[in-house]
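Chemist: Below: one structure in structure tokens.
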Amino acid sequence: SDVIPQIIFLIPKSLFIFGIVLYLNAKMAVFSLALMPFLYLMPYFFTRKLKKVIKIWVENAQHIFEKAQEMFSHIQVIKVFGREKRQTRDYIAKVIRNTRLNLSNIKLELMGSFTSDAAHRVILGLIIGYGSYQVLKGKMTLGTLGAIALYLNQLSGLQHTLAYSLQQISIGFISCERLNTILDAQVDLKENKLTRDSPFLENTLEFRNVTFGY
């Protein structure tokens, strides 16, 4: 995945742009830094919602594959007892439920994107408003405000991208957790009473009284 390299690229670039803003006007830089955490509130909120939905979606998808495998492996029994329609209805019901979960996931992603963009615009507007107040007080020139606005717009966009990348990593951990659960599952093997130890010695294979022919 390109998410981690992208984060490594975004962090130093964000620090560099913030350093420029700090050089142009320290008060604007501090005010921007104070508002920056609010850019991560919406992604954090919707990430928690998405993780719950996606976790259920992954589990349901697994049940769909298990159901399909069970149907194909027992197809003769299903046909003998005439349970084709019932098995088909159960399978379709699981697919429909999974589709609904996927639609819920898409809705949450769209809502998260919209609210994050709105927060980005509101915070940038507050910063520009504070900068305009500084201009009216004669503590900053209009040209400096314009330059800071351009840099802050870039910085805000980088933070938006960084928040989205962190969201993707958090969601990606769901599949990793599911895989770890499968790999760490304890298998309860019960040996048959007639089971005997292998007569073969280590790294040794011996055939006795074996014949072969056409």
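How things are named: the first chain in the structure tokens is A, the next is B, and so on; residues count from 1 in each chain; ligands count from 1 in the order shown.
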Please provide as a ChimeraX atom specification all residues within 12 Å of stretch 55-57 of chain A, with the sequence filter that same-chain residues fewer than 5 positions apart are discarded (counting only C-alpha atoms).
Modeler: /A:47-50,62-64,94-105,170-178
Chemist: Can those selected residues be exported to a file as a PDB file, in the first residue's frame so that it contains C-alpha atoms?
Modeler:
ATOM      1  CA  THR A  47     -13.624   6.190  11.458  1.00  0.00           C
ATOM      2  CA  ARG A  48     -15.072   4.708  14.636  1.00  0.00           C
ATOM      3  CA  LYS A  49     -18.447   4.354  12.918  1.00  0.00           C
ATOM      4  CA  LEU A  50     -16.883   2.848   9.793  1.00  0.00           C
ATOM      5  CA  GLN A  62     -16.960 -14.703   5.475  1.00  0.00           C
ATOM      6  CA  HIS A  63     -20.294 -16.338   6.319  1.00  0.00           C
ATOM      7  CA  ILE A  64     -21.339 -15.947   2.657  1.00  0.00           C
ATOM      8  CA  LYS A  94     -26.990 -13.121   3.366  1.00  0.00           C
ATOM      9  CA  VAL A  95     -25.915 -11.411   0.133  1.00  0.00           C
ATOM     10  CA  ILE A  96     -28.647  -8.768   0.504  1.00  0.00           C
ATOM     11  CA  ARG A  97     -27.606  -8.081   4.097  1.00  0.00           C
ATOM     12  CA  ASN A  98     -23.998  -7.709   3.014  1.00  0.00           C
ATOM     13  CA  THR A  99     -25.050  -5.326   0.224  1.00  0.00           C
ATOM     14  CA  ARG A 100     -26.950  -3.178   2.713  1.00  0.00           C
ATOM     15  CA  LEU A 101     -23.902  -3.050   4.967  1.00  0.00           C
ATOM     16  CA  ASN A 102     -21.802  -1.987   2.001  1.00  0.00           C
ATOM     17  CA  LEU A 103     -24.279   0.816   1.222  1.00  0.00           C
ATOM     18  CA  SER A 104     -24.117   1.940   4.863  1.00  0.00           C
ATOM     19  CA  ASN A 105     -20.354   2.002   4.543  1.00  0.00           C
ATOM     20  CA  SER A 170      -7.200   2.164  10.953  1.00  0.00           C
ATOM     21  CA  ILE A 171      -9.753   0.469   8.703  1.00  0.00           C
ATOM     22  CA  GLY A 172      -7.086  -1.797   7.228  1.00  0.00           C
ATOM     23  CA  PHE A 173      -6.312  -3.140  10.686  1.00  0.00           C
ATOM     24  CA  ILE A 174      -9.772  -4.745  10.736  1.00  0.00           C
ATOM     25  CA  SER A 175      -8.721  -7.303   8.115  1.00  0.00           C
ATOM     26  CA  CYS A 176      -5.439  -7.866   9.969  1.00  0.00           C
ATOM     27  CA  GLU A 177      -7.297  -8.484  13.225  1.00  0.00           C
ATOM     28  CA  ARG A 178      -9.613 -10.930  11.480  1.00  0.00           C
TER      29      ARG A 178
END
Chemist: Contacts of stretch 129-138 of chain A at 10 Å or less, counting only C-alpha atoms, minus same-chain residues fewer than 5 places along, as a ChimeraX atom specification?
Modeler: /A:25,27-28,31-32,123-124,143-146,148-149
Chemist: The selected residues should be written to file as a PDB file, in the first residue's frame (atoms: N, CA, C and O atoms).
Modeler:
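Listed below is the output, out10.pdb:
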ATOM      1  N   ASN A  25       4.290  35.184  10.337  1.00  0.00           N
ATOM      2  CA  ASN A  25       3.541  35.776  11.451  1.00  0.00           C
ATOM      3  C   ASN A  25       3.350  34.709  12.532  1.00  0.00           C
ATOM      4  O   ASN A  25       2.630  33.723  12.317  1.00  0.00           O
ATOM      5  N   LYS A  27       1.798  34.836  15.470  1.00  0.00           N
ATOM      6  CA  LYS A  27       0.456  34.744  16.040  1.00  0.00           C
ATOM      7  C   LYS A  27      -0.482  33.931  15.149  1.00  0.00           C
ATOM      8  O   LYS A  27      -1.276  33.116  15.635  1.00  0.00           O
ATOM      9  N   MET A  28      -0.382  34.156  13.839  1.00  0.00           N
ATOM     10  CA  MET A  28      -1.216  33.396  12.908  1.00  0.00           C
ATOM     11  C   MET A  28      -0.847  31.906  12.956  1.00  0.00           C
ATOM     12  O   MET A  28      -1.720  31.036  12.876  1.00  0.00           O
ATOM     13  N   PHE A  31      -2.273  30.444  16.215  1.00  0.00           N
ATOM     14  CA  PHE A  31      -3.728  30.335  16.105  1.00  0.00           C
ATOM     15  C   PHE A  31      -4.114  29.164  15.189  1.00  0.00           C
ATOM     16  O   PHE A  31      -5.055  28.412  15.486  1.00  0.00           O
ATOM     17  N   SER A  32      -3.389  29.009  14.108  1.00  0.00           N
ATOM     18  CA  SER A  32      -3.649  27.893  13.188  1.00  0.00           C
ATOM     19  C   SER A  32      -3.359  26.560  13.859  1.00  0.00           C
ATOM     20  O   SER A  32      -4.103  25.588  13.692  1.00  0.00           O
ATOM     21  N   ILE A 123     -12.604  26.251   9.453  1.00  0.00           N
ATOM     22  CA  ILE A 123     -11.364  26.569  10.169  1.00  0.00           C
ATOM     23  C   ILE A 123     -10.520  27.555   9.373  1.00  0.00           C
ATOM     24  O   ILE A 123      -9.962  28.517   9.935  1.00  0.00           O
ATOM     25  N   LEU A 124     -10.438  27.351   8.071  1.00  0.00           N
ATOM     26  CA  LEU A 124      -9.676  28.285   7.237  1.00  0.00           C
ATOM     27  C   LEU A 124     -10.323  29.672   7.274  1.00  0.00           C
ATOM     28  O   LEU A 124      -9.623  30.698   7.318  1.00  0.00           O
ATOM     29  N   GLY A 143      -0.623  41.932   2.051  1.00  0.00           N
ATOM     30  CA  GLY A 143       0.170  40.990   1.259  1.00  0.00           C
ATOM     31  C   GLY A 143       0.608  39.790   2.082  1.00  0.00           C
ATOM     32  O   GLY A 143       0.587  38.640   1.603  1.00  0.00           O
ATOM     33  N   THR A 144       1.007  40.040   3.341  1.00  0.00           N
ATOM     34  CA  THR A 144       1.397  38.939   4.228  1.00  0.00           C
ATOM     35  C   THR A 144       0.214  38.028   4.505  1.00  0.00           C
ATOM     36  O   THR A 144       0.352  36.799   4.532  1.00  0.00           O
ATOM     37  N   LEU A 145      -0.966  38.635   4.691  1.00  0.00           N
ATOM     38  CA  LEU A 145      -2.171  37.830   4.918  1.00  0.00           C
ATOM     39  C   LEU A 145      -2.477  36.949   3.714  1.00  0.00           C
ATOM     40  O   LEU A 145      -2.836  35.776   3.867  1.00  0.00           O
ATOM     41  N   GLY A 146      -2.321  37.509   2.504  1.00  0.00           N
ATOM     42  CA  GLY A 146      -2.570  36.715   1.304  1.00  0.00           C
ATOM     43  C   GLY A 146      -1.614  35.545   1.192  1.00  0.00           C
ATOM     44  O   GLY A 146      -2.018  34.424   0.844  1.00  0.00           O
ATOM     45  N   ILE A 148       0.007  34.086   3.696  1.00  0.00           N
ATOM     46  CA  ILE A 148      -0.303  33.128   4.754  1.00  0.00           C
ATOM     47  C   ILE A 148      -1.538  32.310   4.397  1.00  0.00           C
ATOM     48  O   ILE A 148      -1.597  31.096   4.652  1.00  0.00           O
ATOM     49  N   ALA A 149      -2.530  32.971   3.785  1.00  0.00           N
ATOM     50  CA  ALA A 149      -3.749  32.258   3.390  1.00  0.00           C
ATOM     51  C   ALA A 149      -3.438  31.155   2.378  1.00  0.00           C
ATOM     52  O   ALA A 149      -3.988  30.049   2.464  1.00  0.00           O
TER      53      ALA A 149
END
Chemist: Distance atom CA of A:Ala118-atom CA of A:Pro5, one decimal place?
Modeler: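 One can read the atom CA of A:Ala118 to atom CA of A:Pro5 distance as 27.0 Å.
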Chemist: When you draw a straight line from atom CA of A:Ile8 to atom CA of A:Leu162, how long is it in Å?
Modeler: 9.7 Å
Chemist: Which is closest to A:His160 among A:Ser113, A:Gln6, A:Asn180, A:Ser73, if we use only C-alpha atoms?
Modeler: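 Closest residue, counting only C-alpha atoms: A:Ser113.
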Chemist: Determine, counting only C-alpha atoms, which protein, DNA and RNA residues have an atom within 12 Å of an atom of A:Thr161; residues of the same chain fewer than 6 positions away are not included. Present the result as a list in words.
Modeler: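 Near neighbours after the sequence-gap exclusion: Val3, Gln6, Ile7, Phe9, Leu10, Ile11, Ser14, Leu39, Tyr40, Pro43, Ser113, Ser116, Asp117, His120, Gln154, Leu155, Gln167 and Gln168 of chain A.
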Chemist: How about saving the chosen residues, N, CA and C atoms kept, as a PDB file, in the first residue's frame?
Modeler:
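Wrote it out as again-v7.pdb, contents follow:
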ATOM      1  N   VAL A   3      -0.047   4.063   1.447  1.00  0.00           N
ATOM      2  CA  VAL A   3      -0.498   4.961   2.513  1.00  0.00           C
ATOM      3  C   VAL A   3       0.649   5.393   3.407  1.00  0.00           C
ATOM      4  N   GLN A   6       3.079   7.745   1.818  1.00  0.00           N
ATOM      5  CA  GLN A   6       2.414   9.042   1.663  1.00  0.00           C
ATOM      6  C   GLN A   6       2.440   9.816   2.973  1.00  0.00           C
ATOM      7  N   ILE A   7       2.222   9.124   4.095  1.00  0.00           N
ATOM      8  CA  ILE A   7       2.273   9.784   5.401  1.00  0.00           C
ATOM      9  C   ILE A   7       3.676  10.293   5.694  1.00  0.00           C
ATOM     10  N   PHE A   9       5.788  11.256   3.584  1.00  0.00           N
ATOM     11  CA  PHE A   9       6.004  12.431   2.739  1.00  0.00           C
ATOM     12  C   PHE A   9       5.235  13.644   3.253  1.00  0.00           C
ATOM     13  N   LEU A  10       4.025  13.427   3.784  1.00  0.00           N
ATOM     14  CA  LEU A  10       3.170  14.540   4.195  1.00  0.00           C
ATOM     15  C   LEU A  10       3.663  15.236   5.459  1.00  0.00           C
ATOM     16  N   ILE A  11       4.185  14.481   6.402  1.00  0.00           N
ATOM     17  CA  ILE A  11       4.575  15.072   7.692  1.00  0.00           C
ATOM     18  C   ILE A  11       5.675  16.125   7.538  1.00  0.00           C
ATOM     19  N   SER A  14       4.322  19.209   5.740  1.00  0.00           N
ATOM     20  CA  SER A  14       3.456  20.020   6.595  1.00  0.00           C
ATOM     21  C   SER A  14       4.283  20.864   7.554  1.00  0.00           C
ATOM     22  N   LEU A  39      -9.476  19.538  12.779  1.00  0.00           N
ATOM     23  CA  LEU A  39      -9.546  18.902  11.470  1.00  0.00           C
ATOM     24  C   LEU A  39      -9.613  17.378  11.583  1.00  0.00           C
ATOM     25  N   TYR A  40      -9.163  16.845  12.735  1.00  0.00           N
ATOM     26  CA  TYR A  40      -9.121  15.392  12.907  1.00  0.00           C
ATOM     27  C   TYR A  40     -10.337  14.851  13.662  1.00  0.00           C
ATOM     28  N   PRO A  43     -12.908  13.074  10.997  1.00  0.00           N
ATOM     29  CA  PRO A  43     -12.388  11.771  10.548  1.00  0.00           C
ATOM     30  C   PRO A  43     -12.337  10.731  11.666  1.00  0.00           C
ATOM     31  N   SER A 113     -16.572  12.548   4.367  1.00  0.00           N
ATOM     32  CA  SER A 113     -15.879  13.426   3.433  1.00  0.00           C
ATOM     33  C   SER A 113     -16.497  14.817   3.410  1.00  0.00           C
ATOM     34  N   SER A 116     -15.758  16.658   6.774  1.00  0.00           N
ATOM     35  CA  SER A 116     -14.337  17.018   6.853  1.00  0.00           C
ATOM     36  C   SER A 116     -14.045  18.229   5.970  1.00  0.00           C
ATOM     37  N   ASP A 117     -14.638  18.240   4.779  1.00  0.00           N
ATOM     38  CA  ASP A 117     -14.453  19.378   3.882  1.00  0.00           C
ATOM     39  C   ASP A 117     -15.071  20.645   4.477  1.00  0.00           C
ATOM     40  N   HIS A 120     -12.846  21.889   7.196  1.00  0.00           N
ATOM     41  CA  HIS A 120     -11.677  22.514   6.569  1.00  0.00           C
ATOM     42  C   HIS A 120     -11.986  23.960   6.172  1.00  0.00           C
ATOM     43  N   GLN A 154      -2.791  25.237   1.661  1.00  0.00           N
ATOM     44  CA  GLN A 154      -2.002  24.043   1.351  1.00  0.00           C
ATOM     45  C   GLN A 154      -1.842  23.156   2.587  1.00  0.00           C
ATOM     46  N   LEU A 155      -1.550  23.786   3.723  1.00  0.00           N
ATOM     47  CA  LEU A 155      -1.354  23.028   4.958  1.00  0.00           C
ATOM     48  C   LEU A 155      -2.630  22.313   5.385  1.00  0.00           C
ATOM     49  N   GLN A 167      -7.083   7.227   8.537  1.00  0.00           N
ATOM     50  CA  GLN A 167      -8.354   6.516   8.550  1.00  0.00           C
ATOM     51  C   GLN A 167      -8.242   5.202   7.786  1.00  0.00           C
ATOM     52  N   GLN A 168      -7.583   5.224   6.637  1.00  0.00           N
ATOM     53  CA  GLN A 168      -7.417   4.007   5.840  1.00  0.00           C
ATOM     54  C   GLN A 168      -6.581   2.965   6.579  1.00  0.00           C
TER      55      GLN A 168
END
Chemist: For the structure I just gave you, how does DSSP split stretch 12-214 of chain A - specifically, which residues are helix (DSSP H, G or I)? Reply as a PDB file with C-alpha atoms, in the first residue's frame.
Modeler:
ATOM      1  CA  PRO A  12       7.842  16.863   6.752  1.00  0.00           C
ATOM      2  CA  LYS A  13       6.049  18.858   4.045  1.00  0.00           C
ATOM      3  CA  SER A  14       3.456  20.020   6.595  1.00  0.00           C
ATOM      4  CA  LEU A  15       6.193  21.008   9.038  1.00  0.00           C
ATOM      5  CA  PHE A  16       7.989  22.953   6.309  1.00  0.00           C
ATOM      6  CA  ILE A  17       4.847  24.933   5.372  1.00  0.00           C
ATOM      7  CA  PHE A  18       4.072  25.589   9.036  1.00  0.00           C
ATOM      8  CA  GLY A  19       7.613  26.880   9.472  1.00  0.00           C
ATOM      9  CA  ILE A  20       7.026  29.391   6.662  1.00  0.00           C
ATOM     10  CA  VAL A  21       3.786  30.588   8.287  1.00  0.00           C
ATOM     11  CA  LEU A  22       5.568  30.873  11.615  1.00  0.00           C
ATOM     12  CA  TYR A  23       8.259  32.982   9.975  1.00  0.00           C
ATOM     13  CA  LEU A  24       5.684  35.282   8.346  1.00  0.00           C
ATOM     14  CA  ALA A  26       3.947  33.916  14.740  1.00  0.00           C
ATOM     15  CA  LYS A  27       0.456  34.744  16.040  1.00  0.00           C
ATOM     16  CA  MET A  28      -1.216  33.396  12.908  1.00  0.00           C
ATOM     17  CA  ALA A  29       0.880  30.245  13.153  1.00  0.00           C
ATOM     18  CA  VAL A  30      -0.039  29.651  16.806  1.00  0.00           C
ATOM     19  CA  PHE A  31      -3.728  30.335  16.105  1.00  0.00           C
ATOM     20  CA  SER A  32      -3.649  27.893  13.188  1.00  0.00           C
ATOM     21  CA  LEU A  33      -1.913  25.293  15.326  1.00  0.00           C
ATOM     22  CA  ALA A  34      -4.604  25.653  18.013  1.00  0.00           C
ATOM     23  CA  LEU A  35      -7.372  25.006  15.453  1.00  0.00           C
ATOM     24  CA  MET A  36      -5.594  22.187  13.617  1.00  0.00           C
ATOM     25  CA  PRO A  37      -6.752  19.355  15.963  1.00  0.00           C
ATOM     26  CA  PHE A  38     -10.359  20.108  14.989  1.00  0.00           C
ATOM     27  CA  LEU A  39      -9.546  18.902  11.470  1.00  0.00           C
ATOM     28  CA  TYR A  40      -9.121  15.392  12.907  1.00  0.00           C
ATOM     29  CA  LEU A  41     -12.336  15.292  14.956  1.00  0.00           C
ATOM     30  CA  MET A  42     -14.666  14.444  12.077  1.00  0.00           C
ATOM     31  CA  PRO A  43     -12.388  11.771  10.548  1.00  0.00           C
ATOM     32  CA  TYR A  44     -11.927  10.239  14.000  1.00  0.00           C
ATOM     33  CA  PHE A  45     -15.684  10.162  14.653  1.00  0.00           C
ATOM     34  CA  PHE A  46     -16.555   8.615  11.287  1.00  0.00           C
ATOM     35  CA  THR A  47     -13.624   6.190  11.458  1.00  0.00           C
ATOM     36  CA  ARG A  48     -15.072   4.708  14.636  1.00  0.00           C
ATOM     37  CA  LYS A  49     -18.447   4.354  12.918  1.00  0.00           C
ATOM     38  CA  LEU A  50     -16.883   2.848   9.793  1.00  0.00           C
ATOM     39  CA  LYS A  51     -14.848   0.324  11.756  1.00  0.00           C
ATOM     40  CA  LYS A  52     -17.978  -1.096  13.343  1.00  0.00           C
ATOM     41  CA  VAL A  53     -19.802  -1.380  10.013  1.00  0.00           C
ATOM     42  CA  ILE A  54     -16.811  -2.796   8.129  1.00  0.00           C
ATOM     43  CA  LYS A  55     -16.110  -5.329  10.866  1.00  0.00           C
ATOM     44  CA  ILE A  56     -19.676  -6.654  10.568  1.00  0.00           C
ATOM     45  CA  TRP A  57     -19.372  -6.554   6.752  1.00  0.00           C
ATOM     46  CA  VAL A  58     -16.166  -8.631   6.805  1.00  0.00           C
ATOM     47  CA  GLU A  59     -17.694 -11.209   9.149  1.00  0.00           C
ATOM     48  CA  ASN A  60     -20.846 -11.407   7.007  1.00  0.00           C
ATOM     49  CA  ALA A  61     -18.761 -11.811   3.832  1.00  0.00           C
ATOM     50  CA  GLN A  62     -16.960 -14.703   5.475  1.00  0.00           C
ATOM     51  CA  HIS A  63     -20.294 -16.338   6.319  1.00  0.00           C
ATOM     52  CA  ILE A  64     -21.339 -15.947   2.657  1.00  0.00           C
ATOM     53  CA  PHE A  65     -18.251 -17.793   1.439  1.00  0.00           C
ATOM     54  CA  GLU A  66     -18.754 -20.475   4.085  1.00  0.00           C
ATOM     55  CA  LYS A  67     -22.383 -20.862   3.011  1.00  0.00           C
ATOM     56  CA  ALA A  68     -21.410 -21.179  -0.650  1.00  0.00           C
ATOM     57  CA  GLN A  69     -18.724 -23.738   0.176  1.00  0.00           C
ATOM     58  CA  GLU A  70     -21.178 -25.717   2.303  1.00  0.00           C
ATOM     59  CA  MET A  71     -23.775 -25.717  -0.472  1.00  0.00           C
ATOM     60  CA  PHE A  72     -21.357 -26.916  -3.152  1.00  0.00           C
ATOM     61  CA  SER A  73     -19.792 -29.569  -0.944  1.00  0.00           C
ATOM     62  CA  ILE A  75     -25.011 -30.386  -3.218  1.00  0.00           C
ATOM     63  CA  GLN A  76     -26.018 -34.036  -3.579  1.00  0.00           C
ATOM     64  CA  VAL A  77     -27.606 -34.144  -0.121  1.00  0.00           C
ATOM     65  CA  ILE A  78     -29.410 -30.869  -0.824  1.00  0.00           C
ATOM     66  CA  LYS A  79     -30.839 -32.249  -4.058  1.00  0.00           C
ATOM     67  CA  VAL A  80     -31.857 -35.550  -2.482  1.00  0.00           C
ATOM     68  CA  GLU A  84     -32.476 -26.197  -3.174  1.00  0.00           C
ATOM     69  CA  LYS A  85     -34.974 -23.329  -2.812  1.00  0.00           C
ATOM     70  CA  ARG A  86     -34.429 -22.956   0.923  1.00  0.00           C
ATOM     71  CA  GLN A  87     -30.649 -22.954   0.589  1.00  0.00           C
ATOM     72  CA  THR A  88     -30.893 -20.443  -2.243  1.00  0.00           C
ATOM     73  CA  ARG A  89     -33.132 -18.143  -0.164  1.00  0.00           C
ATOM     74  CA  ASP A  90     -30.723 -18.294   2.782  1.00  0.00           C
ATOM     75  CA  TYR A  91     -27.781 -17.484   0.537  1.00  0.00           C
ATOM     76  CA  ILE A  92     -29.574 -14.567  -1.161  1.00  0.00           C
ATOM     77  CA  ALA A  93     -30.632 -13.184   2.236  1.00  0.00           C
ATOM     78  CA  LYS A  94     -26.990 -13.121   3.366  1.00  0.00           C
ATOM     79  CA  VAL A  95     -25.915 -11.411   0.133  1.00  0.00           C
ATOM     80  CA  ILE A  96     -28.647  -8.768   0.504  1.00  0.00           C
ATOM     81  CA  ARG A  97     -27.606  -8.081   4.097  1.00  0.00           C
ATOM     82  CA  ASN A  98     -23.998  -7.709   3.014  1.00  0.00           C
ATOM     83  CA  THR A  99     -25.050  -5.326   0.224  1.00  0.00           C
ATOM     84  CA  ARG A 100     -26.950  -3.178   2.713  1.00  0.00           C
ATOM     85  CA  LEU A 101     -23.902  -3.050   4.967  1.00  0.00           C
ATOM     86  CA  ASN A 102     -21.802  -1.987   2.001  1.00  0.00           C
ATOM     87  CA  LEU A 103     -24.279   0.816   1.222  1.00  0.00           C
ATOM     88  CA  SER A 104     -24.117   1.940   4.863  1.00  0.00           C
ATOM     89  CA  ASN A 105     -20.354   2.002   4.543  1.00  0.00           C
ATOM     90  CA  ILE A 106     -20.545   4.172   1.418  1.00  0.00           C
ATOM     91  CA  LYS A 107     -22.993   6.580   3.107  1.00  0.00           C
ATOM     92  CA  LEU A 108     -20.688   6.977   6.109  1.00  0.00           C
ATOM     93  CA  GLU A 109     -17.704   7.626   3.838  1.00  0.00           C
ATOM     94  CA  LEU A 110     -19.632  10.305   1.919  1.00  0.00           C
ATOM     95  CA  MET A 111     -20.842  11.943   5.122  1.00  0.00           C
ATOM     96  CA  GLY A 112     -17.332  11.854   6.563  1.00  0.00           C
ATOM     97  CA  SER A 113     -15.879  13.426   3.433  1.00  0.00           C
ATOM     98  CA  PHE A 114     -18.538  16.166   3.402  1.00  0.00           C
ATOM     99  CA  THR A 115     -18.142  17.060   7.084  1.00  0.00           C
ATOM    100  CA  SER A 116     -14.337  17.018   6.853  1.00  0.00           C
ATOM    101  CA  ASP A 117     -14.453  19.378   3.882  1.00  0.00           C
ATOM    102  CA  ALA A 118     -16.896  21.652   5.744  1.00  0.00           C
ATOM    103  CA  ALA A 119     -14.629  21.684   8.813  1.00  0.00           C
ATOM    104  CA  HIS A 120     -11.677  22.514   6.569  1.00  0.00           C
ATOM    105  CA  ARG A 121     -13.507  25.538   5.133  1.00  0.00           C
ATOM    106  CA  VAL A 122     -14.785  26.765   8.517  1.00  0.00           C
ATOM    107  CA  ILE A 123     -11.364  26.569  10.169  1.00  0.00           C
ATOM    108  CA  LEU A 124      -9.676  28.285   7.237  1.00  0.00           C
ATOM    109  CA  GLY A 125     -12.352  30.994   7.382  1.00  0.00           C
ATOM    110  CA  LEU A 126     -11.708  31.548  11.098  1.00  0.00           C
ATOM    111  CA  ILE A 127      -7.983  31.871  10.486  1.00  0.00           C
ATOM    112  CA  ILE A 128      -8.497  34.344   7.637  1.00  0.00           C
ATOM    113  CA  GLY A 129     -10.916  36.278   9.829  1.00  0.00           C
ATOM    114  CA  TYR A 130      -8.322  36.518  12.566  1.00  0.00           C
ATOM    115  CA  GLY A 131      -5.756  37.597   9.989  1.00  0.00           C
ATOM    116  CA  SER A 132      -8.099  40.299   8.688  1.00  0.00           C
ATOM    117  CA  TYR A 133      -8.445  41.588  12.247  1.00  0.00           C
ATOM    118  CA  GLN A 134      -4.645  41.771  12.465  1.00  0.00           C
ATOM    119  CA  VAL A 135      -4.567  43.744   9.205  1.00  0.00           C
ATOM    120  CA  LEU A 136      -7.169  46.213  10.477  1.00  0.00           C
ATOM    121  CA  LEU A 142      -2.542  42.597   3.392  1.00  0.00           C
ATOM    122  CA  GLY A 143       0.170  40.990   1.259  1.00  0.00           C
ATOM    123  CA  THR A 144       1.397  38.939   4.228  1.00  0.00           C
ATOM    124  CA  LEU A 145      -2.171  37.830   4.918  1.00  0.00           C
ATOM    125  CA  GLY A 146      -2.570  36.715   1.304  1.00  0.00           C
ATOM    126  CA  ALA A 147       0.659  34.723   1.440  1.00  0.00           C
ATOM    127  CA  ILE A 148      -0.303  33.128   4.754  1.00  0.00           C
ATOM    128  CA  ALA A 149      -3.749  32.258   3.390  1.00  0.00           C
ATOM    129  CA  LEU A 150      -2.168  30.430   0.445  1.00  0.00           C
ATOM    130  CA  TYR A 151       0.209  28.476   2.670  1.00  0.00           C
ATOM    131  CA  LEU A 152      -2.499  27.656   5.189  1.00  0.00           C
ATOM    132  CA  ASN A 153      -4.765  26.418   2.425  1.00  0.00           C
ATOM    133  CA  GLN A 154      -2.002  24.043   1.351  1.00  0.00           C
ATOM    134  CA  LEU A 155      -1.354  23.028   4.958  1.00  0.00           C
ATOM    135  CA  SER A 156      -5.034  22.381   5.612  1.00  0.00           C
ATOM    136  CA  GLY A 157      -5.250  20.251   2.482  1.00  0.00           C
ATOM    137  CA  LEU A 158      -2.225  18.237   3.616  1.00  0.00           C
ATOM    138  CA  GLN A 159      -3.793  17.691   7.032  1.00  0.00           C
ATOM    139  CA  HIS A 160      -7.016  16.565   5.364  1.00  0.00           C
ATOM    140  CA  THR A 161      -5.060  14.041   3.291  1.00  0.00           C
ATOM    141  CA  LEU A 162      -3.116  12.912   6.357  1.00  0.00           C
ATOM    142  CA  ALA A 163      -6.323  12.366   8.327  1.00  0.00           C
ATOM    143  CA  TYR A 164      -7.762  10.312   5.451  1.00  0.00           C
ATOM    144  CA  SER A 165      -4.574   8.213   5.261  1.00  0.00           C
ATOM    145  CA  LEU A 166      -4.723   7.498   8.992  1.00  0.00           C
ATOM    146  CA  GLN A 167      -8.354   6.516   8.550  1.00  0.00           C
ATOM    147  CA  GLN A 168      -7.417   4.007   5.840  1.00  0.00           C
ATOM    148  CA  ILE A 169      -4.740   2.483   8.072  1.00  0.00           C
ATOM    149  CA  SER A 170      -7.200   2.164  10.953  1.00  0.00           C
ATOM    150  CA  ILE A 171      -9.753   0.469   8.703  1.00  0.00           C
ATOM    151  CA  GLY A 172      -7.086  -1.797   7.228  1.00  0.00           C
ATOM    152  CA  PHE A 173      -6.312  -3.140  10.686  1.00  0.00           C
ATOM    153  CA  ILE A 174      -9.772  -4.745  10.736  1.00  0.00           C
ATOM    154  CA  SER A 175      -8.721  -7.303   8.115  1.00  0.00           C
ATOM    155  CA  CYS A 176      -5.439  -7.866   9.969  1.00  0.00           C
ATOM    156  CA  GLU A 177      -7.297  -8.484  13.225  1.00  0.00           C
ATOM    157  CA  ARG A 178      -9.613 -10.930  11.480  1.00  0.00           C
ATOM    158  CA  LEU A 179      -6.634 -12.765   9.960  1.00  0.00           C
ATOM    159  CA  ASN A 180      -4.851 -12.916  13.317  1.00  0.00           C
ATOM    160  CA  THR A 181      -7.993 -14.334  14.901  1.00  0.00           C
ATOM    161  CA  ILE A 182      -8.066 -17.116  12.304  1.00  0.00           C
ATOM    162  CA  LEU A 183      -4.342 -17.853  12.625  1.00  0.00           C
TER     163      LEU A 183
END
